[in-house]
>>> print(open('input-v2.pdb').read())   # PDB, C-alpha atoms and all ligand atoms
MODEL        1
ATOM      1  CA  MET U   1      17.709 -17.072   4.829
ATOM      2  CA  ARG U   2      17.228 -14.195   2.375
ATOM      3  CA  VAL U   3      15.111 -11.087   2.913
ATOM      4  CA  LYS U   4      12.426 -12.426   0.577
ATOM      5  CA  ASP U   5      12.292 -15.736   2.471
ATOM      6  CA  ALA U   6      11.839 -13.832   5.706
ATOM      7  CA  LEU U   7       9.023 -11.739   4.174
ATOM      8  CA  ALA U   8       7.322 -14.942   3.017
ATOM      9  CA  CYS U   9       6.954 -15.952   6.703
ATOM     10  CA  ALA U  10       3.976 -13.550   6.758
ATOM     11  CA  GLN U  11       1.910 -16.531   5.581
ATOM     12  CA  SER U  12       2.493 -18.296   8.868
ATOM     13  CA  LEU U  13       0.974 -15.455  10.963
ATOM     14  CA  THR U  14      -2.533 -16.758  10.464
ATOM     15  CA  ASP U  15      -3.977 -15.165  13.621
ATOM     16  CA  SER U  16      -2.734 -11.657  12.884
ATOM     17  CA  ASP U  17      -4.907  -8.944  11.301
ATOM     18  CA  SER U  18      -1.829  -7.477   9.623
ATOM     19  CA  PRO U  19       0.670 -10.275   8.853
ATOM     20  CA  ARG U  20       2.570  -8.393   6.144
ATOM     21  CA  ALA U  21       3.018  -5.234   8.221
ATOM     22  CA  ASP U  22       4.014  -7.357  11.236
ATOM     23  CA  ILE U  23       6.743  -9.175   9.302
ATOM     24  CA  GLU U  24       8.068  -5.952   7.803
ATOM     25  CA  THR U  25       8.307  -4.264  11.201
ATOM     26  CA  LEU U  26      10.077  -7.264  12.759
ATOM     27  CA  LEU U  27      12.490  -7.571   9.846
ATOM     28  CA  MET U  28      13.295  -3.845   9.769
ATOM     29  CA  TRP U  29      14.003  -4.124  13.483
ATOM     30  CA  VAL U  30      16.301  -7.142  13.146
ATOM     31  CA  LEU U  31      18.176  -5.670  10.162
ATOM     32  CA  ASN U  32      18.084  -2.082  11.424
ATOM     33  CA  LYS U  33      17.075  -0.961   7.933
ATOM     34  CA  PRO U  34      14.156   1.050   6.496
ATOM     35  CA  ARG U  35      11.239  -0.626   4.718
ATOM     36  CA  SER U  36      12.619   0.353   1.286
ATOM     37  CA  TYR U  37      15.641  -1.910   1.920
ATOM     38  CA  LEU U  38      13.384  -4.974   2.167
ATOM     39  CA  TYR U  39      12.121  -4.440  -1.371
ATOM     40  CA  THR U  40      15.363  -3.125  -2.894
ATOM     41  CA  TRP U  41      17.464  -6.074  -1.661
ATOM     42  CA  PRO U  42      15.160  -9.126  -1.622
ATOM     43  CA  ASP U  43      18.135 -11.479  -2.165
ATOM     44  CA  ALA U  44      20.303 -10.101   0.658
ATOM     45  CA  ASP U  45      21.181 -12.767   3.223
ATOM     46  CA  LEU U  46      20.403 -12.443   6.920
ATOM     47  CA  SER U  47      23.424 -13.277   9.083
ATOM     48  CA  SER U  48      22.936 -16.367  11.228
ATOM     49  CA  ALA U  49      22.467 -14.188  14.312
ATOM     50  CA  GLN U  50      19.836 -12.116  12.492
ATOM     51  CA  ALA U  51      18.053 -15.228  11.229
ATOM     52  CA  GLU U  52      17.986 -16.651  14.741
ATOM     53  CA  GLN U  53      16.650 -13.423  16.268
ATOM     54  CA  PHE U  54      14.036 -13.141  13.516
ATOM     55  CA  GLY U  55      12.948 -16.755  14.118
ATOM     56  CA  GLU U  56      12.480 -16.092  17.832
ATOM     57  CA  LEU U  57      10.425 -12.950  17.182
ATOM     58  CA  ILE U  58       8.198 -14.715  14.654
ATOM     59  CA  GLU U  59       7.575 -17.508  17.113
ATOM     60  CA  LYS U  60       6.527 -15.022  19.820
ATOM     61  CA  ARG U  61       4.273 -13.243  17.333
ATOM     62  CA  ARG U  62       2.682 -16.603  16.482
ATOM     63  CA  GLN U  63       1.944 -17.009  20.188
ATOM     64  CA  GLY U  64       0.099 -13.682  19.990
ATOM     65  CA  GLU U  65       2.562 -11.189  21.471
ATOM     66  CA  PRO U  66       1.969  -7.732  19.966
ATOM     67  CA  VAL U  67       4.604  -6.530  17.502
ATOM     68  CA  ALA U  68       4.919  -3.286  19.484
ATOM     69  CA  HIS U  69       5.987  -5.263  22.568
ATOM     70  CA  LEU U  70       8.464  -7.324  20.550
ATOM     71  CA  VAL U  71      10.261  -4.298  19.095
ATOM     72  CA  GLY U  72       9.557  -1.953  22.032
ATOM     73  CA  PHE U  73       7.950   0.890  20.111
ATOM     74  CA  ARG U  74       4.880   1.976  18.163
ATOM     75  CA  ASP U  75       4.669   4.887  15.755
ATOM     76  CA  PHE U  76       1.879   7.366  16.554
ATOM     77  CA  TRP U  77       1.218  10.588  14.645
ATOM     78  CA  THR U  78       4.774  11.580  13.602
ATOM     79  CA  LEU U  79       6.375  10.180  16.760
ATOM     80  CA  ARG U  80       8.082   6.924  17.660
ATOM     81  CA  LEU U  81       6.924   6.022  21.183
ATOM     82  CA  ALA U  82       8.459   3.498  23.532
ATOM     83  CA  VAL U  83       5.802   1.055  24.760
ATOM     84  CA  SER U  84       5.664  -1.436  27.603
ATOM     85  CA  ASN U  85       3.149  -3.829  29.091
ATOM     86  CA  ALA U  86       2.194  -1.111  31.623
ATOM     87  CA  THR U  87       0.026   0.711  29.078
ATOM     88  CA  LEU U  88      -2.245   0.450  26.089
ATOM     89  CA  ILE U  89      -0.391   0.286  22.766
ATOM     90  CA  PRO U  90      -1.316   3.481  20.886
ATOM     91  CA  ARG U  91      -3.841   2.905  18.075
ATOM     92  CA  PRO U  92      -4.128   4.803  14.799
ATOM     93  CA  GLU U  93      -7.762   5.767  15.496
ATOM     94  CA  THR U  94      -6.636   7.734  18.571
ATOM     95  CA  GLU U  95      -4.886  10.168  16.207
ATOM     96  CA  MET U  96      -8.416  11.518  15.570
ATOM     97  CA  LEU U  97      -8.352  13.207  18.984
ATOM     98  CA  VAL U  98      -5.112  14.943  18.012
ATOM     99  CA  GLU U  99      -6.526  15.982  14.633
ATOM    100  CA  TRP U 100      -9.705  17.333  16.207
ATOM    101  CA  ALA U 101      -7.751  19.421  18.726
ATOM    102  CA  LEU U 102      -5.510  20.909  16.044
ATOM    103  CA  GLU U 103      -8.501  21.799  13.873
ATOM    104  CA  HIS U 104     -10.730  23.282  16.576
ATOM    105  CA  LEU U 105      -8.456  25.134  18.960
ATOM    106  CA  PRO U 106      -6.686  28.354  18.038
ATOM    107  CA  SER U 107      -2.943  27.943  17.542
ATOM    108  CA  THR U 108      -2.373  30.640  20.189
ATOM    109  CA  ALA U 109      -1.438  29.488  23.709
ATOM    110  CA  GLN U 110      -4.044  27.036  25.039
ATOM    111  CA  SER U 111      -4.148  24.800  28.073
ATOM    112  CA  VAL U 112      -4.912  21.147  27.391
ATOM    113  CA  ALA U 113      -5.156  18.042  29.585
ATOM    114  CA  ASP U 114      -4.838  14.387  28.497
ATOM    115  CA  LEU U 115      -6.382  12.036  31.071
ATOM    116  CA  GLY U 116      -5.006   8.483  31.298
ATOM    117  CA  THR U 117      -2.116   9.311  28.992
ATOM    118  CA  GLY U 118      -0.432   5.873  28.980
ATOM    119  CA  THR U 119       2.614   6.173  26.700
ATOM    120  CA  GLY U 120       1.947   9.941  26.493
ATOM    121  CA  ALA U 121       0.796   9.566  22.880
ATOM    122  CA  ILE U 122      -1.925  12.241  22.690
ATOM    123  CA  ALA U 123      -0.127  14.804  24.852
ATOM    124  CA  LEU U 124       3.196  14.397  23.038
ATOM    125  CA  ALA U 125       1.627  14.530  19.569
ATOM    126  CA  LEU U 126      -0.066  17.829  20.486
ATOM    127  CA  ALA U 127       3.127  19.192  22.034
ATOM    128  CA  SER U 128       5.021  18.368  18.843
ATOM    129  CA  GLU U 129       2.518  20.414  16.800
ATOM    130  CA  ARG U 130       1.867  23.273  19.240
ATOM    131  CA  PRO U 131       5.009  24.107  21.220
ATOM    132  CA  ASN U 132       3.266  27.100  22.815
ATOM    133  CA  TRP U 133       0.396  25.110  24.403
ATOM    134  CA  GLN U 134       0.473  24.210  28.067
ATOM    135  CA  ILE U 135      -0.120  20.464  28.134
ATOM    136  CA  ILE U 136      -0.650  18.421  31.290
ATOM    137  CA  ALA U 137      -1.197  14.662  31.257
ATOM    138  CA  SER U 138      -2.245  12.345  34.069
ATOM    139  CA  ASP U 139      -2.099   8.605  34.677
ATOM    140  CA  ARG U 140      -2.630   6.624  37.866
ATOM    141  CA  ILE U 141      -0.063   3.942  36.947
ATOM    142  CA  PRO U 142       3.470   4.926  38.077
ATOM    143  CA  ASP U 143       5.100   2.831  35.310
ATOM    144  CA  ALA U 144       2.992   4.629  32.715
ATOM    145  CA  ILE U 145       4.062   8.063  33.961
ATOM    146  CA  GLU U 146       7.682   6.954  33.951
ATOM    147  CA  LEU U 147       7.329   5.653  30.376
ATOM    148  CA  ALA U 148       5.576   8.831  29.206
ATOM    149  CA  ARG U 149       8.318  10.979  30.749
ATOM    150  CA  ARG U 150      10.946   8.850  29.025
ATOM    151  CA  ASN U 151       9.140   9.349  25.712
ATOM    152  CA  ALA U 152       9.026  13.105  26.298
ATOM    153  CA  LEU U 153      12.773  13.146  26.893
ATOM    154  CA  MET U 154      13.564  11.005  23.858
ATOM    155  CA  LEU U 155      11.367  13.170  21.645
ATOM    156  CA  ASN U 156      12.713  16.381  23.118
ATOM    157  CA  LEU U 157       9.267  17.552  24.252
ATOM    158  CA  PRO U 158      10.072  18.362  27.890
ATOM    159  CA  GLN U 159       7.293  20.964  28.141
ATOM    160  CA  VAL U 160       4.612  18.298  28.726
ATOM    161  CA  ASP U 161       3.866  18.035  32.430
ATOM    162  CA  PHE U 162       3.165  14.383  33.364
ATOM    163  CA  ARG U 163       1.461  13.910  36.738
ATOM    164  CA  LEU U 164       0.785  10.760  38.707
ATOM    165  CA  GLY U 165      -2.849  10.384  39.739
ATOM    166  CA  SER U 166      -6.251   9.213  38.614
ATOM    167  CA  TRP U 167      -8.017  11.248  35.872
ATOM    168  CA  LEU U 168      -8.537  14.834  37.194
ATOM    169  CA  GLU U 169      -7.144  14.234  40.666
ATOM    170  CA  PRO U 170      -3.603  15.623  40.097
ATOM    171  CA  LEU U 171      -4.918  18.751  38.289
ATOM    172  CA  GLN U 172      -5.683  22.143  39.810
ATOM    173  CA  GLU U 173      -5.791  24.207  36.598
ATOM    174  CA  THR U 174      -8.616  25.008  34.199
ATOM    175  CA  PHE U 175      -8.359  23.944  30.569
ATOM    176  CA  HIS U 176      -9.548  24.989  27.132
ATOM    177  CA  LEU U 177      -9.672  21.309  26.230
ATOM    178  CA  ILE U 178      -9.625  17.997  28.087
ATOM    179  CA  LEU U 179      -9.027  14.867  25.991
ATOM    180  CA  SER U 180      -9.121  11.240  26.993
ATOM    181  CA  ASN U 181      -8.905   7.767  25.509
ATOM    182  CA  PRO U 182     -10.173   6.014  28.643
ATOM    183  CA  PRO U 183     -10.967   2.308  29.020
ATOM    184  CA  TYR U 184     -14.319   1.734  27.330
ATOM    185  CA  ILE U 185     -14.645  -1.974  26.592
ATOM    186  CA  ASP U 186     -17.511  -3.907  28.210
ATOM    187  CA  PRO U 187     -15.990  -6.480  30.627
ATOM    188  CA  GLN U 188     -18.156  -9.146  28.861
ATOM    189  CA  ASP U 189     -16.785  -8.345  25.378
ATOM    190  CA  PRO U 190     -15.479 -11.604  23.846
ATOM    191  CA  HIS U 191     -12.828  -9.742  21.839
ATOM    192  CA  LEU U 192     -10.845  -9.354  25.119
ATOM    193  CA  ASP U 193      -9.782 -13.001  24.759
ATOM    194  CA  LYS U 194      -8.381 -12.593  21.265
ATOM    195  CA  GLY U 195      -5.416 -10.878  19.645
ATOM    196  CA  ASP U 196      -3.169  -8.151  21.001
ATOM    197  CA  VAL U 197      -5.504  -6.922  23.781
ATOM    198  CA  ARG U 198      -4.674 -10.093  25.777
ATOM    199  CA  PHE U 199      -1.221  -8.590  26.350
ATOM    200  CA  GLU U 200      -2.398  -5.119  27.402
ATOM    201  CA  PRO U 201      -3.419  -4.124  30.938
ATOM    202  CA  ARG U 202      -7.117  -4.705  31.604
ATOM    203  CA  SER U 203      -7.211  -1.412  33.485
ATOM    204  CA  ALA U 204      -6.508   0.419  30.211
ATOM    205  CA  LEU U 205      -9.220  -1.457  28.306
ATOM    206  CA  VAL U 206     -12.190  -2.355  30.467
ATOM    207  CA  ALA U 207     -14.714  -0.232  32.364
ATOM    208  CA  ASP U 208     -17.894  -1.092  34.274
ATOM    209  CA  GLU U 209     -21.378  -0.123  33.053
ATOM    210  CA  LYS U 210     -20.749  -1.803  29.678
ATOM    211  CA  GLY U 211     -17.587   0.262  29.286
ATOM    212  CA  LEU U 212     -19.113   3.658  30.137
ATOM    213  CA  ALA U 213     -18.221   4.080  33.825
ATOM    214  CA  ASP U 214     -15.020   6.110  33.404
ATOM    215  CA  ILE U 215     -16.449   8.265  30.615
ATOM    216  CA  ARG U 216     -19.466   9.045  32.814
ATOM    217  CA  TRP U 217     -17.268   9.850  35.800
ATOM    218  CA  ILE U 218     -15.067  12.217  33.820
ATOM    219  CA  ILE U 219     -18.044  13.997  32.170
ATOM    220  CA  THR U 220     -19.625  14.511  35.584
ATOM    221  CA  GLN U 221     -16.477  15.750  37.325
ATOM    222  CA  ALA U 222     -14.826  17.815  34.565
ATOM    223  CA  PRO U 223     -16.826  21.107  34.508
ATOM    224  CA  PRO U 224     -14.833  22.857  37.297
ATOM    225  CA  TYR U 225     -11.655  22.029  35.336
ATOM    226  CA  LEU U 226     -12.904  23.627  32.101
ATOM    227  CA  VAL U 227     -12.931  27.320  31.173
ATOM    228  CA  SER U 228     -16.350  28.583  30.123
ATOM    229  CA  GLY U 229     -16.912  27.069  26.665
ATOM    230  CA  GLY U 230     -14.063  24.597  27.228
ATOM    231  CA  TRP U 231     -14.205  21.266  25.393
ATOM    232  CA  LEU U 232     -14.180  17.700  26.687
ATOM    233  CA  VAL U 233     -13.591  15.056  23.992
ATOM    234  CA  PHE U 234     -13.358  11.251  24.255
ATOM    235  CA  GLU U 235     -12.480   8.293  22.144
ATOM    236  CA  HIS U 236     -15.101   5.556  22.650
ATOM    237  CA  GLY U 237     -16.376   2.271  21.226
ATOM    238  CA  PHE U 238     -18.110   2.191  17.818
ATOM    239  CA  ASP U 239     -21.521   1.570  19.442
ATOM    240  CA  GLN U 240     -21.291   4.033  22.359
ATOM    241  CA  ALA U 241     -21.810   7.446  20.710
ATOM    242  CA  ALA U 242     -25.526   7.766  21.561
ATOM    243  CA  GLU U 243     -24.943   6.942  25.225
ATOM    244  CA  VAL U 244     -21.952   9.271  25.532
ATOM    245  CA  ARG U 245     -23.944  12.084  23.916
ATOM    246  CA  ALA U 246     -26.817  11.458  26.328
ATOM    247  CA  ILE U 247     -24.476  11.697  29.323
ATOM    248  CA  PHE U 248     -23.068  15.001  28.053
ATOM    249  CA  GLU U 249     -26.566  16.391  27.489
ATOM    250  CA  ALA U 250     -27.824  15.268  30.888
ATOM    251  CA  GLN U 251     -24.912  17.114  32.499
ATOM    252  CA  GLY U 252     -25.766  20.371  30.695
ATOM    253  CA  TYR U 253     -22.946  20.462  28.149
ATOM    254  CA  GLN U 254     -23.558  22.115  24.764
ATOM    255  CA  ASP U 255     -22.512  21.649  21.129
ATOM    256  CA  VAL U 256     -22.330  17.860  21.450
ATOM    257  CA  PHE U 257     -20.713  16.239  18.388
ATOM    258  CA  THR U 258     -19.595  12.802  17.199
ATOM    259  CA  ARG U 259     -17.047  11.985  14.510
ATOM    260  CA  GLN U 260     -16.419   8.782  12.580
ATOM    261  CA  ASP U 261     -13.064   7.087  12.116
ATOM    262  CA  LEU U 262     -11.631   6.037   8.756
ATOM    263  CA  SER U 263     -13.638   2.797   8.873
ATOM    264  CA  GLY U 264     -16.852   4.844   9.211
ATOM    265  CA  HIS U 265     -17.409   3.921  12.884
ATOM    266  CA  ASP U 266     -18.457   6.506  15.461
ATOM    267  CA  ARG U 267     -15.181   7.002  17.354
ATOM    268  CA  ILE U 268     -14.979  10.371  19.139
ATOM    269  CA  THR U 269     -17.636  12.366  20.939
ATOM    270  CA  GLY U 270     -17.234  15.703  22.659
ATOM    271  CA  ALA U 271     -19.038  18.759  23.955
ATOM    272  CA  ARG U 272     -18.341  22.084  25.663
ATOM    273  CA  THR U 273     -19.416  23.752  28.851
ATOM    274  CA  PRO U 274     -21.951  26.603  28.504
ATOM    275  CA  HIS U 275     -20.434  29.865  27.223
TER     276      HIS U 275
HETATM  277  N1  LIG U 301      -9.735   0.585  20.787
HETATM  278  C1  LIG U 301      -9.198  -0.363  21.725
HETATM  279  C2  LIG U 301      -9.633  -1.763  21.357
HETATM  280  O1  LIG U 301     -10.780  -1.973  21.046
HETATM  281  C3  LIG U 301      -9.617  -0.053  23.131
HETATM  282  C4  LIG U 301      -8.976   1.170  23.637
HETATM  283  C5  LIG U 301      -9.575   1.652  24.909
HETATM  284  O2  LIG U 301     -10.225   0.934  25.655
HETATM  285  N2  LIG U 301      -9.349   2.876  25.178
HETATM  286  O3  LIG U 301      -8.825  -2.644  21.360
ENDMDL
END
>>> encode(input="input-v2.pdb", output="C-alpha cells")
Amino acid sequence: MRVKDALACAQSLTDSDSPRADIETLLMWVLNKPRSYLYTWPDADLSSAQAEQFGELIEKRRQGEPVAHLVGFRDFWTLRLAVSNATLIPRPETEMLVEWALEHLPSTAQSVADLGTGTGAIALALASERPNWQIIASDRIPDAIELARRNALMLNLPQVDFRLGSWLEPLQETFHLILSNPPYIDPQDPHLDKGDVRFEPRSALVADEKGLADIRWIITQAPPYLVSGGWLVFEHGFDQAAEVRAIFEAQGYQDVFTRQDLSGHDRITGARTPH
C-alpha cells in the first residue's frame, strides 16, 4: 500500500463529516510524519506493520469511533491535548471562549475560572497566552481532572490549578471571568444517536430542561464568585441564545451579549455582574 492508496480510503468513510481530514490524521499518526509528507511522497510504501495498523484504525473509524480517540489527542487552539473517553473531545467552536477572553480582559493579572474543564482545553489555552493570569478549573469527574493535569504537565503549564468538584463547589475565590462549555444538548435531541457524540460521556453533553439546566444553575449561583463587573460566559447550542440571555437578565446581570461562530450560529452568550 502506498501513501496515495491510503489517502484514497477516505472514500470509504461515508458516515464521517470530514473523511479527508480523518484519513490524513490517521495516516500521519501511523507514519509519524507531518501532513506535508503525505503530499510530497504519494508513492512511498507503508511497511506491512504500518498498513496493518492503518487498516485496523480505518475499520474502527468506519464503526464510528472518533479519530481523537483512535490517535489519543485533539489539537485545540495551539495545543495538542490528550483525550480519553472520560471527557468531551474539544471542538473548534469552543476556541471562541478563549478568543473572547483574550480580547475583553486586560492582559494584566486576572483571575479566571473554567467550569467543567474536561481535557483542560479552555484553561490551558488561556494559560498558554496569559502566563500571569491565575486560572482555576473544576470538573466533577476524577478521570477528567487527572487527564487535565496530565495535559498541563505535558504542555508545561503547571500554573493552572485543577480542582475536583462540581461547577463552583471547589472554588472559594472571586473571579474577573468565569467561562464554561457545559452540557447543553436536549436529552431528546436525535443527533445524540449519530456520529462521534455516541462515544462521548452523556454527562458532558446532555442537560435537563432542554439542555439549559446546568447553564441556569451556574448563572444563578455564580454572582458571589464574581468581582463587581465580573463576566460569566458560556458556550451553548445554536438555538439557545435567547433563553440564556433571558436567564441572565432575570438574575440581574448587565451587558448581556451573544456572539456567532464561524458558521454564523449563535454560540456564546455572556454578561457581567452590576458594577
Ligand atoms: N457542541 C457539542 C455538540 O453538539 C456539544 C458540546 C456540549 O454539550 N458542551 O456535539
>>> resolve_selection(input="input-v2.pdb", expression="the PyMOL selection byres (((chain U and resi 109) around 9) and not hetatm)", output="list in words")
Pro106, Ser107, Thr108, Gln110, Ser111, Arg130, Pro131, Asn132, Trp133 and Gln134 of chain U
>>> closest_atom_pairs(input="input-v2.pdb", of="range 91-182 of chain U", to="range 250-262 of chain U", cutoff="12 Å", atoms="all atoms listed in the file", output="CSV")
residue,atom,partner,partner_atom,distance
U:Arg91,CA,U:Asp261,CA,11.8
U:Pro92,CA,U:Asp261,CA,9.6
U:Glu93,CA,U:Asp261,CA,6.4
U:Thr94,CA,U:Asp261,CA,9.1
U:Glu95,CA,U:Asp261,CA,9.6
U:Met96,CA,U:Asp261,CA,7.3
U:Leu97,CA,U:Arg259,CA,9.9
U:Glu99,CA,U:Arg259,CA,11.3
U:Trp100,CA,U:Arg259,CA,9.2
>>> resolve_selection(input="input-v2.pdb", expression="the PyMOL selection byres (((chain U and resi 51) around 10) and not hetatm)", output="number ranges by chain")
U: 1-3, 6, 27, 30-31, 45-50, 52-57
>>> write_last_selection(input="input-v2.pdb", atoms="C-alpha atoms", output="PDB file, in the coordinates of the input")
ATOM      1  CA  MET U   1      17.709 -17.072   4.829  1.00  0.00           C
ATOM      2  CA  ARG U   2      17.228 -14.195   2.375  1.00  0.00           C
ATOM      3  CA  VAL U   3      15.111 -11.087   2.913  1.00  0.00           C
ATOM      4  CA  ALA U   6      11.839 -13.832   5.706  1.00  0.00           C
ATOM      5  CA  LEU U  27      12.490  -7.571   9.846  1.00  0.00           C
ATOM      6  CA  VAL U  30      16.301  -7.142  13.146  1.00  0.00           C
ATOM      7  CA  LEU U  31      18.176  -5.670  10.162  1.00  0.00           C
ATOM      8  CA  ASP U  45      21.181 -12.767   3.223  1.00  0.00           C
ATOM      9  CA  LEU U  46      20.403 -12.443   6.920  1.00  0.00           C
ATOM     10  CA  SER U  47      23.424 -13.277   9.083  1.00  0.00           C
ATOM     11  CA  SER U  48      22.936 -16.367  11.228  1.00  0.00           C
ATOM     12  CA  ALA U  49      22.467 -14.188  14.312  1.00  0.00           C
ATOM     13  CA  GLN U  50      19.836 -12.116  12.492  1.00  0.00           C
ATOM     14  CA  GLU U  52      17.986 -16.651  14.741  1.00  0.00           C
ATOM     15  CA  GLN U  53      16.650 -13.423  16.268  1.00  0.00           C
ATOM     16  CA  PHE U  54      14.036 -13.141  13.516  1.00  0.00           C
ATOM     17  CA  GLY U  55      12.948 -16.755  14.118  1.00  0.00           C
ATOM     18  CA  GLU U  56      12.480 -16.092  17.832  1.00  0.00           C
ATOM     19  CA  LEU U  57      10.425 -12.950  17.182  1.00  0.00           C
TER      20      LEU U  57
END
>>> resolve_selection(input="input-v2.pdb", expression="the PyMOL selection byres (((not hetatm)) within 7 of (chain U and resi 301))", output="list in words")
Arg91, Asn181, Pro182, Pro183, Tyr184, Ile185, Val197, Ala204, Leu205, Val206, Glu235, His236 and Gly237 of chain U
>>> residues_around(input="input-v2.pdb", residues="Arg62 in chain U", least_positions_apart="3", cutoff="8 Å", atoms="only C-alpha atoms", output="ChimeraX atom specification")
/U:12-15,58-59,65
>>> residues_around(input="input-v2.pdb", residues="Ile247 in chain U", least_positions_apart="3", cutoff="10 Å", atoms="all atoms listed in the file", output="list in words")
Leu212, Ile215, Arg216, Trp217, Ile219, Thr220, Ala241, Ala242, Glu243, Val244, Ala250, Gln251, Gly252 and Tyr253 of chain U
>>> write_last_selection(input="input-v2.pdb", atoms="C-alpha atoms", output="CSV table (one decimal), in the coordinates of the input")
chain,number,residue,atom,x,y,z
U,212,LEU,CA,-19.1,3.7,30.1
U,215,ILE,CA,-16.4,8.3,30.6
U,216,ARG,CA,-19.5,9.0,32.8
U,217,TRP,CA,-17.3,9.8,35.8
U,219,ILE,CA,-18.0,14.0,32.2
U,220,THR,CA,-19.6,14.5,35.6
U,241,ALA,CA,-21.8,7.4,20.7
U,242,ALA,CA,-25.5,7.8,21.6
U,243,GLU,CA,-24.9,6.9,25.2
U,244,VAL,CA,-22.0,9.3,25.5
U,250,ALA,CA,-27.8,15.3,30.9
U,251,GLN,CA,-24.9,17.1,32.5
U,252,GLY,CA,-25.8,20.4,30.7
U,253,TYR,CA,-22.9,20.5,28.1
>>> residues_around(input="input-v2.pdb", residues="Ile141 in chain U", least_positions_apart="5", cutoff="12 Å", atoms="all atoms listed in the file", output="PDB file with C-alpha atoms, in the frame of the given file")
ATOM      1  CA  ASN U  85       3.149  -3.829  29.091  1.00  0.00           C
ATOM      2  CA  ALA U  86       2.194  -1.111  31.623  1.00  0.00           C
ATOM      3  CA  THR U  87       0.026   0.711  29.078  1.00  0.00           C
ATOM      4  CA  LEU U  88      -2.245   0.450  26.089  1.00  0.00           C
ATOM      5  CA  LEU U 115      -6.382  12.036  31.071  1.00  0.00           C
ATOM      6  CA  GLY U 116      -5.006   8.483  31.298  1.00  0.00           C
ATOM      7  CA  THR U 117      -2.116   9.311  28.992  1.00  0.00           C
ATOM      8  CA  GLY U 118      -0.432   5.873  28.980  1.00  0.00           C
ATOM      9  CA  THR U 119       2.614   6.173  26.700  1.00  0.00           C
ATOM     10  CA  GLU U 146       7.682   6.954  33.951  1.00  0.00           C
ATOM     11  CA  LEU U 147       7.329   5.653  30.376  1.00  0.00           C
ATOM     12  CA  ALA U 148       5.576   8.831  29.206  1.00  0.00           C
ATOM     13  CA  PHE U 162       3.165  14.383  33.364  1.00  0.00           C
ATOM     14  CA  ARG U 163       1.461  13.910  36.738  1.00  0.00           C
ATOM     15  CA  LEU U 164       0.785  10.760  38.707  1.00  0.00           C
ATOM     16  CA  GLY U 165      -2.849  10.384  39.739  1.00  0.00           C
ATOM     17  CA  SER U 166      -6.251   9.213  38.614  1.00  0.00           C
ATOM     18  CA  TRP U 167      -8.017  11.248  35.872  1.00  0.00           C
ATOM     19  CA  PRO U 201      -3.419  -4.124  30.938  1.00  0.00           C
ATOM     20  CA  SER U 203      -7.211  -1.412  33.485  1.00  0.00           C
ATOM     21  CA  ALA U 204      -6.508   0.419  30.211  1.00  0.00           C
TER      22      ALA U 204
END
>>> atom_distance(input="input-v2.pdb", atom1="CA of Asp266 in chain U", atom2="CA of Asp239 in chain U")
7.0 Å
>>> atom_distance(input="input-v2.pdb", atom1="CA of Phe76 in chain U", atom2="CA of Pro90 in chain U")
6.6 Å
>>> atom_distance(input="input-v2.pdb", atom1="CA of Thr273 in chain U", atom2="CA of Phe248 in chain U")
9.5 Å
>>> closest_residue(input="input-v2.pdb", among="U:Trp231, U:Trp77, U:Tyr225, U:Phe238", to="Ser263 in chain U", atoms="only C-alpha atoms")
U:Phe238
>>> closest_residue(input="input-v2.pdb", among="U:Pro190, U:Leu153, U:Leu102, U:Arg20", to="Glu129 in chain U", atoms="all atoms listed in the file")
U:Leu102
>>> residues_around(input="input-v2.pdb", residues="range 79-81 of chain U", least_positions_apart="3", cutoff="10 Å", atoms="only C-alpha atoms", output="number ranges by chain")
U: 68, 72-76, 84, 89-90, 119-121, 124-125, 128, 147-148, 150-152, 154-155
